[in-house]
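Q: Data: model-v3.tsv, TSV, C-alpha atoms.
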```
chain	number	residue	atom	x	y	z
Z	87	MET	CA	0.00	0.00	0.00
Z	88	THR	CA	1.41	3.37	-1.00
Z	89	GLU	CA	1.44	5.82	1.88
Z	90	ILE	CA	0.21	9.17	0.55
Z	91	ILE	CA	0.98	12.26	2.62
Z	92	ILE	CA	-0.16	15.81	1.89
Z	93	ASP	CA	2.13	18.55	3.17
Z	94	HIS	CA	2.75	22.22	2.44
Z	95	ILE	CA	5.51	24.80	2.44
Z	96	ASN	CA	5.78	27.45	5.16
Z	97	PRO	CA	6.42	30.79	3.45
Z	98	ILE	CA	6.71	34.26	4.87
Z	99	ALA	CA	6.25	37.31	2.65
Z	100	SER	CA	6.13	41.02	3.33
Z	101	ASN	CA	5.33	43.97	1.12
Z	102	ARG	CA	7.88	45.93	3.13
Z	103	PHE	CA	10.64	44.00	1.36
Z	104	THR	CA	10.22	44.03	-2.41
Z	105	ARG	CA	12.46	42.88	-5.20
Z	106	GLU	CA	13.61	45.03	-8.04
Z	107	ILE	CA	11.13	44.59	-10.89
Z	108	PRO	CA	13.24	43.10	-13.69
Z	109	ARG	CA	11.39	44.35	-16.75
Z	110	LYS	CA	10.61	47.86	-17.83
Z	111	GLU	CA	6.90	48.60	-17.70
Z	112	LYS	CA	6.54	48.74	-21.49
Z	113	LEU	CA	7.98	45.20	-21.78
Z	114	ARG	CA	5.83	43.54	-19.11
Z	115	GLN	CA	3.12	41.05	-19.94
Z	116	SER	CA	-0.34	42.12	-18.79
Z	117	ASN	CA	-0.28	39.70	-15.85
Z	118	TYR	CA	3.43	40.12	-15.09
Z	119	LEU	CA	3.14	41.54	-11.58
Z	120	ASP	CA	0.45	39.01	-10.63
Z	121	ARG	CA	2.66	36.10	-11.61
Z	122	PHE	CA	6.00	37.41	-10.34
Z	123	ASP	CA	7.01	36.88	-6.71
Z	124	LEU	CA	7.90	40.30	-5.37
Z	125	ASN	CA	7.65	39.84	-1.62
Z	126	SER	CA	8.74	36.42	-0.30
Z	127	LEU	CA	11.35	36.45	2.46
Z	128	PHE	CA	11.67	32.67	2.61
Z	129	TYR	CA	9.73	29.64	1.44
Z	130	ASP	CA	10.28	26.96	4.00
Z	131	ILE	CA	12.13	25.88	7.13
Z	132	ALA	CA	13.98	22.60	7.57
Z	133	ILE	CA	15.55	20.95	10.59
Z	134	TYR	CA	18.55	19.36	8.94
Z	135	LYS	CA	21.10	17.47	11.04
Z	136	ASN	CA	22.35	20.09	13.54
Z	137	LYS	CA	20.91	23.11	11.73
Z	138	LEU	CA	17.73	25.15	11.58
Z	139	MET	CA	17.67	26.05	7.89
Z	140	PHE	CA	15.65	28.70	6.03
Z	141	ILE	CA	15.29	28.15	2.27
Z	142	ALA	CA	14.89	31.51	0.59
Z	143	PRO	CA	15.06	33.60	-2.57
Z	144	PRO	CA	18.64	34.64	-3.33
Z	145	ILE	CA	18.30	38.31	-4.19
Z	146	TYR	CA	17.19	39.85	-0.95
Z	147	LYS	CA	19.76	41.40	1.34
Z	148	GLN	CA	19.54	38.29	3.52
Z	149	THR	CA	22.64	39.18	5.47
Z	150	SER	CA	21.07	42.32	6.89
Z	151	ILE	CA	17.53	40.93	7.24
Z	152	PHE	CA	18.50	37.74	9.07
Z	153	SER	CA	21.14	39.54	11.14
Z	154	LEU	CA	18.40	41.88	12.36
Z	155	ALA	CA	15.81	39.13	12.81
Z	156	LYS	CA	15.23	37.30	16.07
Z	157	ILE	CA	14.63	33.58	15.66
Z	158	TYR	CA	12.91	31.60	18.41
Z	159	ILE	CA	12.38	27.85	18.82
Z	160	ASN	CA	9.48	27.15	21.19
Z	161	GLY	CA	10.01	30.63	22.61
Z	162	ILE	CA	13.76	30.21	23.13
Z	163	LEU	CA	15.82	32.90	21.39
Z	164	LEU	CA	18.67	31.64	19.22
Z	165	THR	CA	21.91	33.48	19.92
Z	166	GLN	CA	23.89	31.95	17.05
Z	167	GLU	CA	24.80	34.04	14.03
Z	168	PRO	CA	23.26	32.92	10.72
Z	169	VAL	CA	25.47	31.17	8.16
Z	170	PHE	CA	24.66	31.98	4.51
Z	171	VAL	CA	25.05	29.71	1.49
Z	172	HIS	CA	24.12	31.52	-1.73
Z	173	GLU	CA	23.43	29.12	-4.58
Z	174	TRP	CA	22.01	29.39	-8.07
Z	175	LYS	CA	18.47	30.83	-7.74
Z	176	VAL	CA	18.17	29.85	-4.08
Z	177	ALA	CA	19.83	30.59	-0.74
Z	178	ARG	CA	20.10	28.71	2.53
Z	179	ILE	CA	20.38	30.51	5.86
Z	180	SER	CA	21.37	28.17	8.68
Z	181	TYR	CA	21.62	28.40	12.44
Z	182	TYR	CA	23.89	25.78	14.00
Z	183	LEU	CA	22.14	24.37	17.06
Z	184	SER	CA	23.69	23.33	20.35
Z	185	ASP	CA	23.43	19.74	21.55
Z	186	ASP	CA	21.03	20.84	24.28
Z	187	MET	CA	18.78	22.55	21.73
Z	188	ILE	CA	18.83	19.51	19.45
Z	189	ASN	CA	17.93	17.21	22.35
Z	190	MET	CA	15.05	19.53	23.29
Z	191	ILE	CA	13.76	19.65	19.71
Z	192	ASN	CA	13.88	15.87	19.37
Z	193	CYS	CA	11.44	15.52	22.25
Z	194	TYR	CA	8.67	16.95	20.05
Z	195	ASP	CA	6.90	15.97	16.85
Z	196	SER	CA	6.87	19.63	15.84
Z	197	VAL	CA	8.27	22.89	17.18
Z	198	ASP	CA	7.18	26.51	16.81
Z	199	ILE	CA	9.65	28.65	14.87
Z	200	THR	CA	9.13	32.39	15.28
Z	201	PHE	CA	10.59	34.89	12.81
Z	202	ASP	CA	10.62	38.37	14.32
Z	203	CYS	CA	11.96	41.30	12.30
Z	204	GLY	CA	10.48	44.76	12.66
Z	205	HIS	CA	6.85	44.68	11.55
Z	206	ILE	CA	7.04	40.94	10.78
Z	207	ASN	CA	6.31	38.56	13.62
Z	208	GLN	CA	5.13	35.16	12.51
Z	209	THR	CA	5.22	31.71	14.09
Z	210	ILE	CA	5.29	28.54	12.01
Z	211	SER	CA	4.88	24.97	13.22
Z	212	VAL	CA	7.71	22.87	11.76
Z	213	LYS	CA	7.78	19.07	11.85
Z	214	VAL	CA	10.90	17.83	13.58
Z	215	HIS	CA	11.25	14.44	11.94
Z	216	SER	CA	10.34	15.14	8.30
Z	217	HIS	CA	13.62	13.55	7.20
Z	218	GLU	CA	12.66	10.22	8.83
Z	219	LEU	CA	9.74	9.63	6.45
Z	220	LEU	CA	12.00	8.82	3.49
Z	221	LYS	CA	14.91	7.32	5.42
Z	222	ASN	CA	16.95	4.88	3.28
Z	223	SER	CA	14.57	5.51	0.37
Z	224	ASN	CA	15.31	5.97	-3.32
Z	225	VAL	CA	13.51	9.25	-4.04
Z	226	ILE	CA	12.49	10.91	-7.29
Z	227	ILE	CA	10.91	14.37	-7.31
Z	228	ALA	CA	9.03	16.50	-9.82
Z	229	ILE	CA	7.18	19.80	-9.94
Z	230	ASN	CA	3.65	19.69	-11.32
Z	231	GLN	CA	1.06	22.14	-12.53
Z	232	ASP	CA	-2.13	20.70	-14.04
Z	233	ASN	CA	-0.52	17.67	-15.61
Z	234	SER	CA	-3.04	14.87	-16.03
Z	235	LEU	CA	-3.29	12.75	-12.87
Z	236	GLU	CA	-3.30	9.65	-15.08
Z	237	ARG	CA	-0.04	10.76	-16.69
Z	238	ILE	CA	1.49	11.41	-13.27
Z	239	ARG	CA	0.50	7.91	-12.23
Z	240	ASP	CA	2.10	6.51	-15.39
Z	241	TRP	CA	5.31	8.41	-14.64
Z	242	LEU	CA	5.40	7.14	-11.06
Z	243	LYS	CA	4.75	3.55	-12.10
Z	244	TRP	CA	7.50	3.83	-14.71
Z	245	ASN	CA	10.07	5.08	-12.21
Z	246	VAL	CA	9.20	2.34	-9.74
Z	247	ASN	CA	9.22	-0.53	-12.26
Z	248	ILE	CA	12.02	0.56	-14.59
Z	249	ASN	CA	14.35	2.66	-12.43
Z	250	GLY	CA	13.85	1.21	-8.95
Z	251	PHE	CA	12.62	4.27	-7.06
Z	252	ASP	CA	10.46	3.44	-4.03
Z	253	SER	CA	9.42	6.96	-2.98
Z	254	ALA	CA	8.42	10.16	-4.73
Z	255	ILE	CA	7.79	13.82	-3.95
Z	256	ILE	CA	5.44	15.84	-6.18
Z	257	PHE	CA	5.48	19.61	-5.67
Z	258	ASP	CA	2.09	20.75	-6.89
Z	259	ASN	CA	2.56	24.32	-8.06
Z	260	ASP	CA	-0.95	25.71	-7.63
Z	261	SER	CA	-2.80	23.42	-10.05
Z	262	LYS	CA	-6.20	24.77	-11.10
Z	263	THR	CA	-7.87	21.67	-12.58
Z	264	TYR	CA	-7.67	19.62	-9.35
Z	265	SER	CA	-6.54	19.94	-5.75
Z	266	VAL	CA	-3.73	18.17	-3.89
Z	267	ASN	CA	-6.39	16.06	-2.17
Z	268	ASP	CA	-7.16	14.45	-5.54
Z	269	PHE	CA	-3.90	12.54	-5.20
Z	270	ASN	CA	-5.78	9.77	-3.45
Z	271	SER	CA	-5.04	6.14	-2.78
Z	272	ASN	CA	-7.56	4.92	-5.37
Z	273	LEU	CA	-5.40	6.32	-8.20
Z	274	PHE	CA	-1.92	6.29	-6.71
Z	275	ASN	CA	-1.73	2.97	-4.90
Z	276	ILE	CA	1.24	1.67	-6.90
Z	277	GLU	CA	2.96	-1.60	-6.07
Z	278	GLY	CA	6.54	-0.90	-5.02
Z	279	LEU	CA	5.93	2.80	-4.26
Z	280	ASN	CA	6.19	3.04	-0.49
Z	281	HIS	CA	5.69	6.78	-0.06
Z	282	LEU	CA	4.14	9.51	-2.18
Z	283	LEU	CA	4.57	12.95	-0.66
Z	284	ILE	CA	2.47	15.73	-2.20
Z	285	ILE	CA	3.61	19.25	-1.32
Z	286	ASN	CA	1.14	22.11	-1.73
Z	287	TYR	CA	3.54	24.53	-3.40
Z	288	PRO	CA	2.15	27.87	-4.70
Z	289	VAL	CA	5.49	29.40	-5.74
Z	290	LYS	CA	5.39	32.17	-8.34
Z	291	PHE	CA	7.85	33.04	-11.11
Z	292	GLY	CA	11.17	34.78	-10.42
Z	293	PRO	CA	13.74	35.88	-9.48
Z	294	LEU	CA	15.60	36.59	-12.69
Z	295	ASN	CA	19.31	36.89	-13.14
Z	296	PHE	CA	20.00	36.44	-16.83
Z	297	VAL	CA	19.80	38.77	-19.82
Z	298	LYS	CA	17.95	38.13	-23.06
Z	299	ASP	CA	17.84	40.57	-25.98
Z	300	GLY	CA	19.41	43.27	-23.87
Z	301	GLU	CA	16.78	43.02	-21.14
Z	302	ARG	CA	16.52	40.80	-18.12
Z	303	SER	CA	14.06	38.11	-19.06
Z	304	GLY	CA	10.44	37.91	-17.93
Z	305	PHE	CA	9.07	34.80	-16.24
Z	306	ASP	CA	11.51	32.19	-14.95
Z	307	SER	CA	9.81	28.89	-14.24
Z	308	ASP	CA	13.09	27.19	-13.34
Z	309	TYR	CA	13.31	29.30	-10.20
Z	310	ALA	CA	10.54	27.35	-8.48
Z	311	GLN	CA	12.29	24.10	-9.39
Z	312	TYR	CA	15.56	25.15	-7.75
Z	313	VAL	CA	13.63	26.03	-4.62
Z	314	ASP	CA	11.88	22.64	-4.60
Z	315	LEU	CA	15.22	20.83	-5.05
Z	316	ALA	CA	16.55	22.50	-1.92
Z	317	ILE	CA	13.37	21.84	0.09
Z	318	ALA	CA	13.27	18.19	-0.96
Z	319	ARG	CA	16.92	17.56	-0.25
Z	320	PHE	CA	17.24	19.28	3.11
Z	321	LYS	CA	13.76	18.94	4.62
Z	322	TYR	CA	12.69	15.48	3.49
Z	323	CYS	CA	15.71	13.59	2.11
Z	324	GLY	CA	18.34	14.17	4.78
Z	325	LYS	CA	18.45	10.43	5.44
Z	326	SER	CA	17.45	9.15	2.00
Z	327	SER	CA	19.66	6.89	-0.07
Z	328	THR	CA	19.41	8.08	-3.69
Z	329	PHE	CA	17.87	11.21	-5.18
Z	330	SER	CA	16.79	12.32	-8.64
Z	331	SER	CA	14.74	15.12	-10.17
Z	332	CYS	CA	12.88	14.52	-13.42
Z	333	ASP	CA	9.96	16.16	-15.21
Z	334	ILE	CA	6.61	14.41	-15.61
Z	335	ASP	CA	7.15	14.21	-19.39
Z	336	GLU	CA	10.67	12.75	-19.11
Z	337	TYR	CA	11.28	9.03	-18.85
Z	338	MET	CA	14.77	7.80	-17.94
Z	339	TYR	CA	15.62	4.19	-18.71
Z	340	SER	CA	18.47	1.74	-19.16
Z	341	LYS	CA	19.73	0.42	-22.48
Z	342	THR	CA	20.27	-2.84	-20.57
Z	343	ASP	CA	18.23	-4.29	-17.72
Z	344	THR	CA	20.22	-2.44	-15.03
Z	345	ARG	CA	18.14	-0.26	-12.74
Z	346	LEU	CA	19.23	3.33	-12.21
Z	347	VAL	CA	19.13	3.24	-8.40
Z	348	ASP	CA	21.21	0.07	-8.30
Z	349	ALA	CA	23.80	1.43	-10.72
Z	350	VAL	CA	24.49	4.69	-8.86
Z	351	LYS	CA	25.20	2.83	-5.62
Z	352	GLN	CA	27.95	0.90	-7.36
Z	353	ILE	CA	29.72	4.03	-8.62
Z	354	LYS	CA	32.41	5.39	-6.34
Z	355	GLY	CA	31.57	9.00	-7.13
Z	356	GLY	CA	27.85	8.50	-6.52
Z	357	TYR	CA	26.64	10.36	-9.61
Z	358	ILE	CA	25.20	9.29	-12.98
Z	359	PRO	CA	24.41	12.02	-15.55
Z	360	VAL	CA	21.76	11.01	-18.10
Z	361	SER	CA	21.08	12.60	-21.47
Z	362	GLY	CA	18.10	11.78	-23.66
Z	363	PHE	CA	16.20	12.53	-26.85
Z	364	LEU	CA	12.86	14.04	-27.86
Z	365	VAL	CA	9.82	11.96	-28.70
Z	366	ASP	CA	7.84	14.26	-30.96
Z	367	ASN	CA	4.07	14.62	-31.37
Z	368	ILE	CA	4.04	12.28	-34.38
Z	369	PHE	CA	1.10	10.00	-35.15
Z	370	ASP	CA	0.05	7.58	-37.88
Z	371	GLN	CA	-3.24	9.38	-38.41
Z	372	PRO	CA	-4.34	12.99	-37.83
Z	373	ILE	CA	-5.57	13.73	-34.31
Z	374	SER	CA	-7.40	16.72	-32.91
Z	375	SER	CA	-6.03	16.82	-29.36
Z	376	LEU	CA	-3.32	15.46	-27.05
Z	377	ILE	CA	-5.77	15.28	-24.16
Z	378	GLY	CA	-6.05	11.76	-22.77
Z	379	LEU	CA	-2.98	10.42	-24.56
Z	380	ARG	CA	-0.28	8.69	-22.52
Z	381	ALA	CA	3.38	7.84	-23.06
Z	382	LYS	CA	2.45	4.56	-24.74
Z	383	ASP	CA	0.64	6.51	-27.47
Z	384	PHE	CA	3.77	8.35	-28.70
Z	385	LYS	CA	5.68	6.03	-31.02
Z	386	TYR	CA	8.05	8.10	-33.16
Z	387	VAL	CA	11.11	10.31	-33.11
Z	388	ASN	CA	12.22	12.69	-35.81
Z	389	ARG	CA	15.71	11.95	-37.16
Z	390	ASN	CA	16.72	15.58	-36.92
Z	391	THR	CA	15.58	16.15	-33.33
Z	392	ALA	CA	16.84	12.72	-32.26
Z	393	LYS	CA	20.39	13.94	-32.89
Z	394	LYS	CA	19.93	16.73	-30.37
Z	395	VAL	CA	19.99	16.41	-26.60
Z	396	GLY	CA	16.35	16.57	-25.56
Z	397	MET	CA	16.84	16.19	-21.80
Z	398	LYS	CA	19.60	16.20	-19.19
Z	399	LYS	CA	18.96	14.57	-15.83
Z	400	TYR	CA	20.90	12.71	-13.15
Z	401	ILE	CA	20.77	10.54	-10.06
Z	402	VAL	CA	22.99	10.85	-6.98
Z	403	ASP	CA	23.88	8.65	-4.06
Z	404	LEU	CA	23.32	11.22	-1.30
Z	405	SER	CA	25.88	9.61	1.02
Z	406	LYS	CA	28.62	10.47	-1.51
Z	407	ILE	CA	27.58	14.02	-2.49
Z	408	PRO	CA	28.81	16.79	-0.14
Z	409	GLU	CA	26.22	19.07	1.42
Z	410	ASN	CA	27.48	22.23	-0.24
Z	411	MET	CA	27.43	20.83	-3.75
Z	412	GLN	CA	24.18	22.14	-5.23
Z	413	LEU	CA	21.85	19.77	-7.04
Z	414	TRP	CA	20.73	21.43	-10.27
Z	415	LEU	CA	17.85	20.60	-12.58
Z	416	HIS	CA	20.21	19.16	-15.17
Z	417	GLY	CA	23.22	18.10	-13.13
Z	418	ILE	CA	25.27	19.09	-10.10
Z	419	ASP	CA	26.98	22.41	-9.62
Z	420	MET	CA	30.33	23.45	-8.26
Z	421	PHE	CA	31.35	23.24	-4.63
Z	422	ARG	CA	30.76	26.54	-2.88
Z	423	LYS	CA	33.63	28.25	-1.09
Z	424	GLY	CA	33.71	30.53	1.90
Z	425	TYR	CA	30.54	29.51	3.74
Z	426	GLU	CA	31.44	26.39	5.67
Z	427	GLU	CA	34.25	25.93	8.18
Z	428	TYR	CA	35.39	22.61	6.75
Z	429	GLU	CA	37.09	22.12	3.41
Z	430	ILE	CA	35.78	19.83	0.71
Z	431	PRO	CA	38.50	17.76	-0.97
Z	432	ASN	CA	38.48	16.59	-4.55
Z	433	ASN	CA	36.24	13.58	-5.01
Z	434	GLU	CA	35.65	10.88	-7.58
Z	435	LEU	CA	33.78	13.32	-9.82
Z	436	GLY	CA	37.04	15.10	-10.49
Z	437	VAL	CA	35.64	18.28	-8.95
Z	438	ALA	CA	37.84	20.66	-7.01
Z	439	VAL	CA	36.55	23.32	-4.64
Z	440	GLY	CA	35.11	26.04	-6.85
Z	441	GLY	CA	35.15	23.84	-9.94
Z	442	ARG	CA	32.57	22.14	-12.11
Z	443	PRO	CA	32.30	18.44	-12.85
Z	444	ASN	CA	33.51	16.96	-16.08
Z	445	VAL	CA	30.25	15.56	-17.41
Z	446	ASN	CA	30.47	12.37	-19.41
Z	447	TYR	CA	26.92	11.23	-19.94
Z	448	SER	CA	26.14	7.61	-19.19
Z	449	GLU	CA	26.49	5.06	-21.96
Z	450	THR	CA	24.14	2.71	-20.11
Z	451	PHE	CA	21.28	5.09	-19.32
Z	452	THR	CA	19.34	7.47	-21.50
Z	453	GLY	CA	15.91	9.07	-21.51
Z	454	ALA	CA	12.96	10.12	-23.63
Z	455	HIS	CA	11.36	13.56	-23.39
Z	456	PHE	CA	7.73	13.16	-24.53
Z	457	LYS	CA	6.87	16.60	-25.87
Z	458	GLY	CA	3.14	15.96	-25.89
Z	459	LEU	CA	2.80	14.99	-22.23
Z	460	GLY	CA	3.68	18.03	-20.16
Z	461	ALA	CA	1.84	21.24	-19.39
Z	462	ASN	CA	3.73	24.20	-20.85
Z	463	TRP	CA	4.94	26.54	-18.09
Z	464	ARG	CA	5.65	29.56	-20.20
Z	465	ASN	CA	2.80	29.54	-22.70
Z	466	ASN	CA	-0.05	28.62	-20.35
Z	467	GLY	CA	-1.05	25.71	-22.53
Z	468	ARG	CA	0.10	22.68	-24.38
Z	469	ASP	CA	2.05	22.24	-27.55
Z	470	LYS	CA	-0.50	22.65	-30.34
Z	471	ILE	CA	1.70	21.24	-33.11
Z	472	TYR	CA	0.72	17.69	-34.04
Z	473	LEU	CA	2.91	16.11	-36.68
Z	474	TYR	CA	2.15	13.13	-38.89
Z	475	LYS	CA	4.54	10.36	-39.75
Z	476	ASN	CA	6.76	10.78	-42.80
Z	477	SER	CA	9.94	9.29	-44.19
Z	478	THR	CA	12.21	11.16	-41.78
Z	479	ASP	CA	10.52	9.74	-38.69
Z	480	GLU	CA	11.62	6.56	-36.92
Z	481	LYS	CA	10.12	4.31	-34.27
Z	482	ILE	CA	11.22	4.88	-30.72
Z	483	PRO	CA	14.16	2.67	-29.63
Z	484	GLU	CA	13.35	-1.00	-29.20
Z	485	GLN	CA	14.34	-1.07	-25.52
Z	486	LEU	CA	12.08	1.88	-24.72
Z	487	GLU	CA	9.18	0.30	-26.59
Z	488	LYS	CA	9.72	-2.96	-24.70
Z	489	PHE	CA	9.69	-1.20	-21.35
Z	490	ILE	CA	6.57	0.79	-22.27
Z	491	ASN	CA	4.75	-2.39	-23.21
Z	492	ASP	CA	5.87	-4.10	-20.01
Z	493	VAL	CA	4.73	-1.22	-17.79
Z	494	TYR	CA	1.52	-0.08	-19.45
Z	495	GLU	CA	0.04	-3.02	-21.31
```
Would you write out, as structure tokens, the structure that this file holds?
A:
Amino acid sequence: MTEIIIDHINPIASNRFTREIPRKEKLRQSNYLDRFDLNSLFYDIAIYKNKLMFIAPPIYKQTSIFSLAKIYINGILLTQEPVFVHEWKVARISYYLSDDMINMINCYDSVDITFDCGHINQTISVKVHSHELLKNSNVIIAINQDNSLERIRDWLKWNVNINGFDSAIIFDNDSKTYSVNDFNSNLFNIEGLNHLLIINYPVKFGPLNFVKDGERSGFDSDYAQYVDLAIARFKYCGKSSTFSSCDIDEYMYSKTDTRLVDAVKQIKGGYIPVSGFLVDNIFDQPISSLIGLRAKDFKYVNRNTAKKVGMKKYIVDLSKIPENMQLWLHGIDMFRKGYEEYEIPNNELGVAVGGRPNVNYSETFTGAHFKGLGANWRNNGRDKIYLYKNSTDEKIPEQLEKFINDVYE
């Protein structure tokens, strides 16, 4: 029986602290300010090992705000200074806790965390043992917004049967066509899936820190995904075994019969990068809509797009990946310098402090990005281009077809 748990993030926002608006008024979409997050101070709080950790946007003056703030645990004022780790599109602000404080916290199922800074005084109940839920689990996560529940179930079943994951976290980013309570046991009771954690996750677009056509770009959907990676890793997966992030329309698989979670545990460096190809919206006969179609209904790849990298994903053995190496959407980032007291040595990835990994994508594992399956973040809709088979199109790889038939037929 799959254990399904509904949880939520614990944000604090204030209109007294606003971000710089990235786009000039004449370049803003009509709903720009409604969709852009101008006011969040932090998104969630984790109790991770010996730290109380705030997961926050990276472009506030966190140093001054958190230095001014008073943080209480069950009414006890923390006297420690905050330690800042600024990562790509997300920041972590940690307070190292004394042994006495940790022992006190562990006596409770949840503790009250109070953030007090000027006109902001808010108390949040934080679960103490969130990391125990997925202890020793092989966890895959995804962010979702209005993807078909049937397609989500297909994706979960695939990752259990083909890749060996036994737990999953779905961050539901304010879906409008159903609620998080619709992730019920009738639909998501999947053999081999021990835990399905659904996080109610209404995170907006932003912040933006890249330039396009001379202007800083508009909506940045990736931002929410970097936040969810940090929340998943430090709040829920502190004691998990393996970890991967993959979109609902992306299906990793092995060219052999080796499972992904088994393979990464055998690798000394604890990291497998996976690249994949696009499965286009190509059909034998004309169709009017993609609604209701599932992965098993997409049979073809285009020769031209098949030569391009259509997805980049990875899996890590968390016991072998240092804490201050950031997990990215499409790989792992450099070690961060200057924030922790200890030094990180070179490891089996060939990564020095301040350096990036040399990525050699796996020859054993690949993946298929099904263009017709996912909701489109940026265009508020789905891909409306439906192609029809011609001489330049080929069937999907035999191994992928075999796995699809095994899982869905």
Q: If we count all atoms listed in the file and set the cut-off at 8 Å, which residues sit around segment 479-492 of chain Z, ignoring sequence neighbours fewer than 4 positions away in its own chain? Please answer as an mmCIF file with C-alpha atoms, keeping the file's coordinate frame.
A:
```
data_model
loop_
_atom_site.group_PDB
_atom_site.id
_atom_site.type_symbol
_atom_site.label_atom_id
_atom_site.label_comp_id
_atom_site.auth_asym_id
_atom_site.auth_seq_id
_atom_site.Cartn_x
_atom_site.Cartn_y
_atom_site.Cartn_z
ATOM 1 C CA ILE Z 248 12.020 0.560 -14.590
ATOM 2 C CA TYR Z 339 15.620 4.190 -18.710
ATOM 3 C CA LYS Z 341 19.730 0.420 -22.480
ATOM 4 C CA THR Z 342 20.270 -2.840 -20.570
ATOM 5 C CA VAL Z 365 9.820 11.960 -28.700
ATOM 6 C CA ALA Z 381 3.380 7.840 -23.060
ATOM 7 C CA LYS Z 382 2.450 4.560 -24.740
ATOM 8 C CA LYS Z 385 5.680 6.030 -31.020
ATOM 9 C CA TYR Z 386 8.050 8.100 -33.160
ATOM 10 C CA VAL Z 387 11.110 10.310 -33.110
ATOM 11 C CA ASN Z 388 12.220 12.690 -35.810
ATOM 12 C CA ARG Z 389 15.710 11.950 -37.160
ATOM 13 C CA LYS Z 475 4.540 10.360 -39.750
#
```
Q: One decimal, in Å: what's the spacing between atom CA of Leu219 of chain Z and atom CA of Pro408 of chain Z?
A: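 About the pair atom CA of Leu219 of chain Z and atom CA of Pro408 of chain Z: they are 21.4 Å apart.
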Q: Check the smallest atom-to-atom distance from each of Z:Ile368, Z:Leu283, Z:Ile159, Z:Val289 to Asn259 of chain Z using only C-alpha atoms, then report the winner.
A: Z:Val289
Q: Have a look at Z:Lys290, Z:Arg178, Z:Arg237, Z:His205 and name the one nearest to Tyr118 of chain Z; count only C-alpha atoms.
A: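 Using only C-alpha atoms, Tyr118 of chain Z sits closest to Z:Lys290.
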Q: Suppose you want the space between atom CA of Thr452 of chain Z and atom CA of Thr88 of chain Z; what is it in Å?
A: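 Between atom CA of Thr452 of chain Z and atom CA of Thr88 of chain Z the gap works out to 27.5 Å.
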Q: Between Z:Met338, Z:Leu124, Z:Leu282, Z:Ala177, single out the one closest to Gly250 of chain Z, counting all atoms listed in the file.
A: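 Of Z:Met338, Z:Leu124, Z:Leu282, Z:Ala177, the one nearest Gly250 of chain Z, counting all atoms listed in the file, is Z:Met338.
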Q: Can you pull out the residues contacting Gln311 of chain Z? Cut-off 9 Å, using all atoms listed in the file, and skip same-chain residues under 3 positions away; I want them as an MDAnalysis selection string.
A: chainID Z and resid 228:229 257 307:308 314:316 414:415
Q: So which residues touch Asn249 of chain Z within 8 Å, counting only C-alpha atoms, skipping near sequence neighbours fewer than 2 positions away, as a list in words?
A: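 With the cut-off at 8 Å, the set is Trp244, Asn245, Val246, Asn247, Phe251, Met338, Tyr339, Ser340, Arg345, Leu346 and Val347 of chain Z.
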Q: Have a look at Z:Thr200, Z:Ser271, Z:Asn101, Z:Asn125 and name the one nearest to Leu138 of chain Z; count all atoms listed in the file.
A: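 For Leu138 of chain Z, the nearest of the candidates is Z:Thr200.
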Q: So, with only C-alpha atoms as the atoms that count, which of Z:Arg114, Z:Lys399, Z:Arg102, Z:Arg121 lies closest to Asp260 of chain Z?
A: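 For Asp260 of chain Z, the nearest of the given residues is Z:Arg121.
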Q: Report the distance between atom CA of Asn136 of chain Z and atom CA of Asn222 of chain Z in Å, rounded to one decimal place.
A: 19.1 Å
Q: At a cut-off of 12 Å, using only C-alpha atoms, what residues contact Pro288 of chain Z? Leave out same-chain residues fewer than 6 positions from it and give the result as an MDAnalysis selection string.
A: chainID Z and resid 94:97 121:123 126 129:130 229:231 257:262 265:266 310:311 313:314
